[in-house]
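**Student:** Data file final_34.csv (CSV, C-alpha atoms) is appended below.
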chain,number,residue,atom,x,y,z
A,871,MET,CA,18.2,26.1,70.2
A,872,GLU,CA,15.8,25.3,67.3
A,873,LEU,CA,14.2,28.7,67.6
A,874,ILE,CA,17.6,30.4,67.4
A,875,ALA,CA,18.6,28.3,64.4
A,876,PHE,CA,15.3,29.2,62.7
A,877,TYR,CA,15.9,32.9,63.2
A,878,ILE,CA,19.5,32.6,61.9
A,879,PHE,CA,18.4,30.6,58.8
A,880,ALA,CA,15.5,32.9,58.1
A,881,ALA,CA,17.7,36.0,58.2
A,882,ILE,CA,20.2,34.4,55.9
A,883,VAL,CA,17.5,33.3,53.4
A,884,THR,CA,16.0,36.8,53.4
A,885,VAL,CA,19.4,38.6,52.9
A,886,SER,CA,20.6,36.1,50.3
A,887,ALA,CA,17.3,36.2,48.3
A,888,LEU,CA,17.5,40.0,48.3
A,889,SER,CA,21.1,39.8,47.2
A,890,VAL,CA,20.1,37.6,44.2
A,891,ILE,CA,18.1,40.5,42.9
A,892,ILE,CA,20.4,43.3,43.9
A,893,ALA,CA,23.7,41.8,42.6
A,894,ARG,CA,24.8,43.2,39.2
A,895,ASN,CA,27.2,40.4,38.4
A,896,PRO,CA,25.4,37.3,37.2
A,897,VAL,CA,28.1,35.1,38.9
A,898,HIS,CA,27.4,36.7,42.2
A,899,SER,CA,23.6,36.2,41.7
A,900,VAL,CA,24.1,32.5,41.1
A,901,LEU,CA,26.2,32.2,44.2
A,902,TRP,CA,23.6,34.0,46.3
A,903,LEU,CA,20.9,31.8,44.8
A,904,ILE,CA,22.8,28.7,45.8
A,905,LEU,CA,23.1,30.0,49.3
A,906,THR,CA,19.4,30.7,49.4
A,907,PHE,CA,18.5,27.2,48.4
A,908,PHE,CA,21.0,25.7,50.8
A,909,THR,CA,19.7,27.7,53.7
A,910,ALA,CA,16.1,26.9,52.8
A,911,ALA,CA,17.2,23.2,52.9
A,912,GLY,CA,18.5,23.9,56.5
A,913,LEU,CA,15.0,25.2,57.4
A,914,LEU,CA,13.5,22.0,56.1
A,915,VAL,CA,15.9,19.9,58.2
A,916,LEU,CA,14.8,21.9,61.3
A,917,ILE,CA,11.1,20.8,60.8
A,918,GLY,CA,12.1,17.2,60.2
A,919,ALA,CA,11.7,17.0,56.4
A,920,GLU,CA,15.2,15.7,55.6
A,921,PHE,CA,14.1,14.1,52.3
A,922,LEU,CA,12.7,17.4,51.0
A,923,ALA,CA,15.9,19.2,52.1
A,924,MET,CA,18.0,16.8,50.1
A,925,LEU,CA,15.7,17.1,47.1
A,926,LEU,CA,15.9,20.9,47.3
A,927,VAL,CA,19.7,20.8,47.3
A,928,VAL,CA,20.1,18.1,44.6
A,929,VAL,CA,17.4,19.3,42.2
A,930,TYR,CA,17.6,23.1,42.5
A,931,VAL,CA,21.3,23.5,43.0
A,932,GLY,CA,21.7,21.3,39.9
A,933,ALA,CA,19.2,23.6,38.1
A,934,VAL,CA,21.2,26.6,39.2
A,935,ALA,CA,24.3,25.1,37.5
A,936,VAL,CA,22.2,24.8,34.3
A,937,LEU,CA,21.0,28.4,34.8
A,938,PHE,CA,24.6,29.5,35.1
A,939,LEU,CA,25.5,27.7,31.9
A,940,PHE,CA,22.6,29.6,30.1
A,941,VAL,CA,23.8,32.9,31.6
A,942,VAL,CA,27.3,32.3,30.3
A,943,MET,CA,26.0,31.4,26.9
A,944,MET,CA,23.5,34.3,26.6
A,945,LEU,CA,25.5,37.1,28.1
A,946,ASP,CA,28.8,36.1,26.4
A,947,VAL,CA,30.8,36.3,29.5
A,948,ASP,CA,34.6,36.8,28.8
A,949,PHE,CA,36.3,33.8,30.5
A,950,VAL,CA,39.8,35.3,30.1
A,951,GLU,CA,38.7,38.4,32.1
A,952,MET,CA,37.0,36.2,34.7
A,953,LYS,CA,40.1,34.1,35.2
A,954,GLN,CA,42.3,37.1,35.5
A,955,GLY,CA,40.2,38.5,38.3
A,956,SER,CA,39.3,35.1,39.9
A,957,LEU,CA,41.6,35.6,42.9
A,958,ARG,CA,39.5,38.4,44.2
A,959,TYR,CA,36.5,36.1,44.3
A,960,TRP,CA,38.2,33.5,46.5
A,961,PRO,CA,37.4,35.4,49.8
A,962,PHE,CA,33.8,35.6,48.9
A,963,ALA,CA,33.6,32.0,47.8
A,964,GLY,CA,35.4,31.0,51.1
A,965,LEU,CA,32.8,32.9,53.1
A,966,VAL,CA,30.0,31.1,51.3
A,967,GLY,CA,31.6,27.7,51.9
A,968,ILE,CA,32.1,28.5,55.6
A,969,ALA,CA,28.4,29.6,55.7
A,970,PHE,CA,27.5,26.2,54.2
A,971,ILE,CA,29.5,24.2,56.8
A,972,ALA,CA,28.2,26.4,59.7
A,973,GLU,CA,24.6,25.9,58.6
A,974,ILE,CA,25.1,22.1,58.4
A,975,ALA,CA,26.6,22.1,61.9
A,976,LEU,CA,23.9,24.4,63.3
A,977,ALA,CA,21.0,22.3,61.8
A,978,SER,CA,22.5,19.1,63.1
A,979,PHE,CA,23.0,20.4,66.6
A,980,ALA,CA,19.7,22.3,66.8
A,981,ARG,CA,17.7,19.3,65.4
A,982,GLU,CA,16.7,17.1,68.3
A,983,THR,CA,15.4,13.9,66.8
A,984,ASP,CA,14.8,10.5,68.0
A,985,GLY,CA,14.6,8.9,64.6
A,986,THR,CA,10.9,9.5,64.0
A,987,ILE,CA,9.2,11.9,61.7
A,988,ASP,CA,7.6,15.0,63.1
A,989,PHE,CA,4.5,14.9,60.9
A,990,GLU,CA,2.0,12.2,60.4
A,991,ALA,CA,2.0,12.1,56.6
A,992,ALA,CA,1.5,8.4,56.5
A,993,PRO,CA,1.1,6.6,59.9
A,994,GLY,CA,3.6,3.8,60.4
A,995,ALA,CA,6.3,5.2,58.0
A,996,ALA,CA,9.8,4.9,59.3
A,997,THR,CA,11.4,7.7,57.3
A,998,ASN,CA,10.4,10.9,55.5
A,999,ALA,CA,11.0,9.3,52.1
A,1000,GLU,CA,8.7,6.4,52.9
A,1001,ALA,CA,6.0,8.7,54.2
A,1002,ILE,CA,6.1,10.9,51.1
A,1003,GLY,CA,6.2,7.8,48.8
A,1004,GLN,CA,3.2,6.3,50.5
A,1005,VAL,CA,1.1,9.4,50.2
A,1006,MET,CA,2.3,10.3,46.7
A,1007,TYR,CA,1.8,6.9,45.1
A,1008,THR,CA,-1.5,6.1,46.8
A,1009,GLN,CA,-3.6,9.1,47.6
A,1010,TYR,CA,-2.1,11.6,45.1
A,1011,PHE,CA,-1.1,9.1,42.4
A,1012,LEU,CA,-3.3,10.6,39.7
A,1013,LEU,CA,-2.2,14.1,40.4
A,1014,PHE,CA,1.4,13.0,40.4
A,1015,GLN,CA,1.0,11.4,37.0
A,1016,LEU,CA,-0.8,14.4,35.6
A,1017,ALA,CA,2.0,16.7,36.8
A,1018,GLY,CA,4.5,14.4,34.9
A,1019,LEU,CA,2.4,14.6,31.7
A,1020,ILE,CA,2.2,18.4,32.0
A,1021,LEU,CA,6.0,18.6,32.3
A,1022,LEU,CA,6.4,16.3,29.3
A,1023,VAL,CA,4.0,18.5,27.2
A,1024,ALA,CA,5.9,21.6,28.4
A,1025,MET,CA,9.3,20.1,27.4
A,1026,ILE,CA,8.0,19.0,23.9
A,1027,GLY,CA,6.5,22.5,23.5
A,1028,ALA,CA,9.8,24.2,24.3
A,1029,ILE,CA,11.6,21.9,21.8
A,1030,VAL,CA,9.0,22.7,19.1
A,1031,LEU,CA,9.1,26.4,19.7
A,1032,THR,CA,12.9,26.5,19.5
A,1033,LEU,CA,13.1,24.2,16.4
A,1034,ARG,CA,13.6,26.4,13.4
A,1035,GLU,CA,13.7,25.4,9.7
A,1036,ARG,CA,16.8,26.9,8.2
A,1037,ALA,CA,17.4,27.0,4.4
A,1038,GLY,CA,20.6,25.4,3.1
A,1039,ILE,CA,20.8,22.7,5.8
A,1040,LYS,CA,20.6,19.1,4.8
A,1041,ARG,CA,18.1,17.1,6.8
A,1042,GLN,CA,17.7,13.4,7.0
A,1043,ASN,CA,14.7,11.9,5.2
A,1044,ILE,CA,14.2,8.4,6.8
A,1045,ALA,CA,11.3,7.4,4.5
A,1046,GLN,CA,13.4,8.2,1.4
A,1047,GLN,CA,16.4,6.3,2.8
A,1048,THR,CA,14.4,3.2,3.6
A,1049,ALA,CA,12.6,3.3,0.2
A,1050,ARG,CA,15.8,3.5,-1.8
A,1051,ARG,CA,16.5,0.7,-4.3
A,1052,ARG,CA,19.8,-0.7,-5.4
A,1053,LYS,CA,19.5,0.5,-9.0
A,1054,ASP,CA,18.8,4.1,-7.7
A,1055,ALA,CA,22.0,4.2,-5.6
A,1056,THR,CA,24.5,2.3,-7.8
A,1057,GLU,CA,25.6,2.6,-11.4
A,1058,ALA,CA,27.5,0.0,-13.4
A,1059,VAL,CA,30.2,1.6,-15.5
A,1060,PRO,CA,31.9,-0.6,-18.2
A,1061,VAL,CA,35.6,-0.1,-18.0
A,1062,GLU,CA,37.8,-1.1,-20.9
A,1063,PRO,CA,41.0,-3.0,-19.9
A,1064,GLY,CA,44.0,-0.7,-19.6
A,1065,LYS,CA,42.0,2.5,-19.4
A,1066,GLY,CA,40.5,4.3,-16.5
A,1067,ILE,CA,37.1,5.7,-16.0
For this file, produce the structure as structure tokens.
**Tutor:**
Amino acid sequence: MELIAFYIFAAIVTVSALSVIIARNPVHSVLWLILTFFTAAGLLVLIGAEFLAMLLVVVYVGAVAVLFLFVVMMLDVDFVEMKQGSLRYWPFAGLVGIAFIAEIALASFARETDGTIDFEAAPGAATNAEAIGQVMYTQYFLLFQLAGLILLVAMIGAIVLTLRERAGIKRQNIAQQTARRRKDATEAVPVEPGKGI
């Protein structure tokens, strides 16, 4: 049963990955990409890596949502036109949803588990998450921290590259604000009684 499920999942991953590249509509590409990630998570469930499967779905499908947001912003997709033709996408979306449910059912039935992990990442660990945590935060702790630092530098670099100085825009000068004195900010105006300023 596991071998049949593997072949089914592998075929779906291959077809959906090719469809991501072939599809001309960016919305279709995003849907195919979500199906690819979801099916790859099913393959991870088959080998007993439930934690990695959950991580793949949560992190990458969330990233696909952000990618879809960037596609909409960059390509200037017309939402009025999309909403008018949205009824024709419902059959396709329904098929993708049925595929998700069928994959979950197939992975749960094909996976014969007795509650233990299939790989000995860390002897004595009860779950996948515990095994990965023991290895990541002991044996590979330095590499894990270095990867975090590299991602932090990449994020700061992306912010610096996209930050542009534009003329005519008022910017906050914190040093000038904190160094301001009362006599520089206020002015005493003598007002005669019965007259305005």
**Student:** Which residue gives the smallest distance to Leu901 of chain A among A:Gly1003, A:Leu914, A:Phe962, A:Ala1055, with all atoms listed in the file counted?
**Tutor:**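 For Leu901 of chain A, the nearest of the candidates is A:Phe962.
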**Student:** Mind pulling up the distance from atom CA of Tyr1007 of chain A to atom CA of Val928 of chain A?
**Tutor:**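 Distance reported for this atom pair: 21.5 Å.
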**Student:** Please, what distance in Å, to one decimal, runs between atom CA of Ile917 of chain A and atom CA of Ala963 of chain A?
**Tutor:**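 A separation of 28.3 Å between them.
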**Student:** Grab the atom CA of Ala1001 of chain A to atom CA of Leu1016 of chain A distance for me, in Å with one decimal place.
**Tutor:**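 Separating atom CA of Ala1001 of chain A from atom CA of Leu1016 of chain A is a distance of 20.6 Å.
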**Student:** For segment 888-893 of chain A, please output as a list in words all residues within 7 Å (counting all atoms listed in the file; exclusion window: fewer than 3 positions along the same chain).
**Tutor:** Thr884, Val885, His898, Ser899, Trp902 and Leu903 of chain A
**Student:** Using all atoms listed in the file, which residues sit within 12 Å of Thr906 of chain A once same-chain residues fewer than 2 positions away are excluded, as a PyMOL selection string?
**Tutor:** chain A and resi 879-891+899-904+908-913+926-927+930-931+934+966+969-970+973
**Student:** When you count only C-alpha atoms, which of these residues is closest to Val915 of chain A: A:Lys1040, A:Val1061, A:Ala975, A:Gly932?
**Tutor:**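 Ranking A:Lys1040, A:Val1061, A:Ala975, A:Gly932 by distance to Val915 of chain A, first place goes to A:Ala975.
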**Student:** With all atoms listed in the file as the basis for distance, which of A:Leu905, A:Ile974, A:Ala999, A:Phe979 is at the shortest distance from Ala919 of chain A?
**Tutor:** A:Ala999
**Student:** Identify which of the residues A:Ala977, A:Thr1048, A:Ala1037, A:Val1023 lies closest to Gly918 of chain A, counting all atoms listed in the file when measuring atom-to-atom distances.
**Tutor:**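 Nearest candidate to Gly918 of chain A out of A:Ala977, A:Thr1048, A:Ala1037, A:Val1023: A:Ala977.
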